[in-house]
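Encoded as structure tokens, the structure appears first; notes follow it.
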Amino acid sequence: MERCYRLQKNRAFQYVYRKGHSCACRNLVLLLAPGREKKVGFSVSKKVGNAVTRNKVKRRLRECFRPHLGDVKNGLYVIVARPAAAEATFDTLRKDVAYLLKKQQAFLHEQGTEGNRAR
RNA sequence: CGAGGUGAACAGACGAUCGCGUGCCUGAUGGCAUGAGGAAAGUCCGGGCACCACAGGGCAAGGGUGCCGGCUAACGGCCGGUGGAGGCGACUCCAAGGAGAGUGCAACAGAAAUAAACCGCUGCUUUCGGGCAGUAAGGAUGGAAAGGCGAGGUAAGAGCUCACCCGGGAACCAGGUAACUGAUUCCUGCUGUAAACCCCACCCGGUGCAAGAUGCAAUGGAGGCAAGACGGCGGCCCGCCGCGUUCUCCGCAAUCGCUUGAGCCGUGCGGUAACGCACGGCCUGGAUAGAUGAUCGUCCAGUACAGAACCCGGCUUAUGGUCACGCUCGCUCC
RNA sequence: GGCUCCGUUGUCUAGAGGCCUAGGACGCGGCCCUCUCAAGGCUGAAACACGGGUUCGAAUCCCGUCGGAGCUG
């Protein structure tokens, strides 16, 4: 995922936490705030595990979100990993991300199935 | 075969597809190269580097280290020895100066804790209850009770005397660079604790890359100070300097710092070793919400602990299986 | 990333080498009182973060782990 799609500043994260609308499942929390640009941030706290585990969860989440990057509408997305995400497999996380995005009605077209889109 | 001891290297490999950071090339799509660790960790030490302070000096405080020699940029690290402790052994561990400079403390128990008379023993005396004197051989306590044992000696005893043993100190001799070891003579019998204060020897300015530098915007805002005050000086003193063109504090983002370094590999030489020297070769992360993931295939089918954030040298802690030993002990067989 | 500090019953704490078999308050359990509850009285359980070392003796002193706070852009 390229740099221009990433949510970077701490102030931007605070904005999403304050203004954003959230929904959650067992492993993840997704916050969405309206914005002109399309940016995604990932937040993995120390409760999830040590540095290796946190990095691994973050990379998997980034890989899970990547196929949906062209499908979703503009806005500021923040995905928070809950402690159970450390134990989850990649397949589980991918399904969770798709479920949460659908729940937030973030998709431009009503397709919801991953993998049949071009970048 | 079992139980140990010491040491060493490795940290899954290769090949596809998509994706990420950096560098180079390209007009561009893109292409090529490269991309976490032995502990990157804890932040326990030592440095480099940067800024601040510093004419210079003295005193004091605080902190650290502590057998000897060597290595190192330096170290509280490493190597080799000495001494002590543990183990049948291979071997391992040790903050290991000074208690004869001084002060403090040693609860409880015990008569008594650095100083001695509770019981006992002996002598004298007695109003027969005891009192006085001598005595550390015996008694129970305690971590520790005034060296141990034997003989002489005595009223009873006692290093009071003697022989042997144990410990300490001094002198001298031999070996060793030294710590120290061994021998002789003389003196002596002194509790422990310095990870209690302390003494001795040596070392230490402070802050830390969020250090700091550059450029852009702004040329700002707030406050102190008209004096024997304020600042440098963040402990004190001497001394020196500055002082109205003065002093202190306060902004956002970017770039640099940012990776070639006490570097790594190989060979040879010196040294018991740590290590050093010479020659040849190599370039090997630099992110800034923070780069290594996903799906497969093959192979010992099984990957533990774990993620750089300025950089090095150590220590400590976490952890997987493997190998070597002309290392040890035990059992069995030939 | 850097720096500083702290770990004692369920909670807040006292302690500063031996008085500690660790004290106090709130809380908890049991009994008494009451028609019942509260209050009150009696009583009980419950802790030195962990591992080594110094010392005759460690919650205390030293070292190392683990955990938790705070400051700093």
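Please note that chains go A, B, ... in the order of the structure tokens, that every chain numbers its residues from 1, and that ligands are numbered from 1 in the order shown.
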
Contacts of stretch 28-41 of chain A within 9 Å, only C-alpha atoms (C1' of nucleotides), excl. fewer than 3 positions in-chain, as a ChimeraX atom specification: /A:4-8,13,15-25,62,65,69,72-85,93,96-97,100-101,104,106 /B:289

In chain A, what's strand (DSSP E or B) per DSSP? Answer as a PyMOL selection string? chain A and resi 6+21-24+28-33+38-44+72+75-81+107

For C:G2, find every residue with an atom within 9 Å (counting only C-alpha atoms (C1' of nucleotides)), except residues of its own chain fewer than 2 positions away, and show them as a list in words.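 Non-adjacent residues within range: G208 and A210 of chain B; U72 of chain C.
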
Could you please select, counting only C-alpha atoms (C1' of nucleotides), the residues of chain B within 7 Å of chain A and state them as a PyMOL selection string? chain B and resi 20+289+293+306-307

Find the residues around C:G17 up to 10 Å (only C-alpha atoms (C1' of nucleotides) counted), leave out those fewer than 5 positions away in its own chain, and share them as a PDB file with C-alpha atoms (C1' of nucleotides), in the first residue's frame.
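Writing done, so here's out-v9.pdb:
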ATOM      1  C1'   C B 105      26.176  -2.466  66.106  1.00  0.00           C
ATOM      2  C1'   A B 107      18.374  -8.892  69.152  1.00  0.00           C
ATOM      3  C1'   A B 196      27.425  -0.215  58.730  1.00  0.00           C
TER       4        A B 196
ATOM      5  C1'   U C  55      25.470 -11.241  57.381  1.00  0.00           C
ATOM      6  C1'   G C  57      20.291 -13.164  61.259  1.00  0.00           C
ATOM      7  C1'   A C  58      17.222  -9.551  55.345  1.00  0.00           C
ATOM      8  C1'   U C  60      15.034  -3.626  55.160  1.00  0.00           C
ATOM      9  C1'   C C  61      21.726  -3.889  52.427  1.00  0.00           C
TER      10        C C  61
END
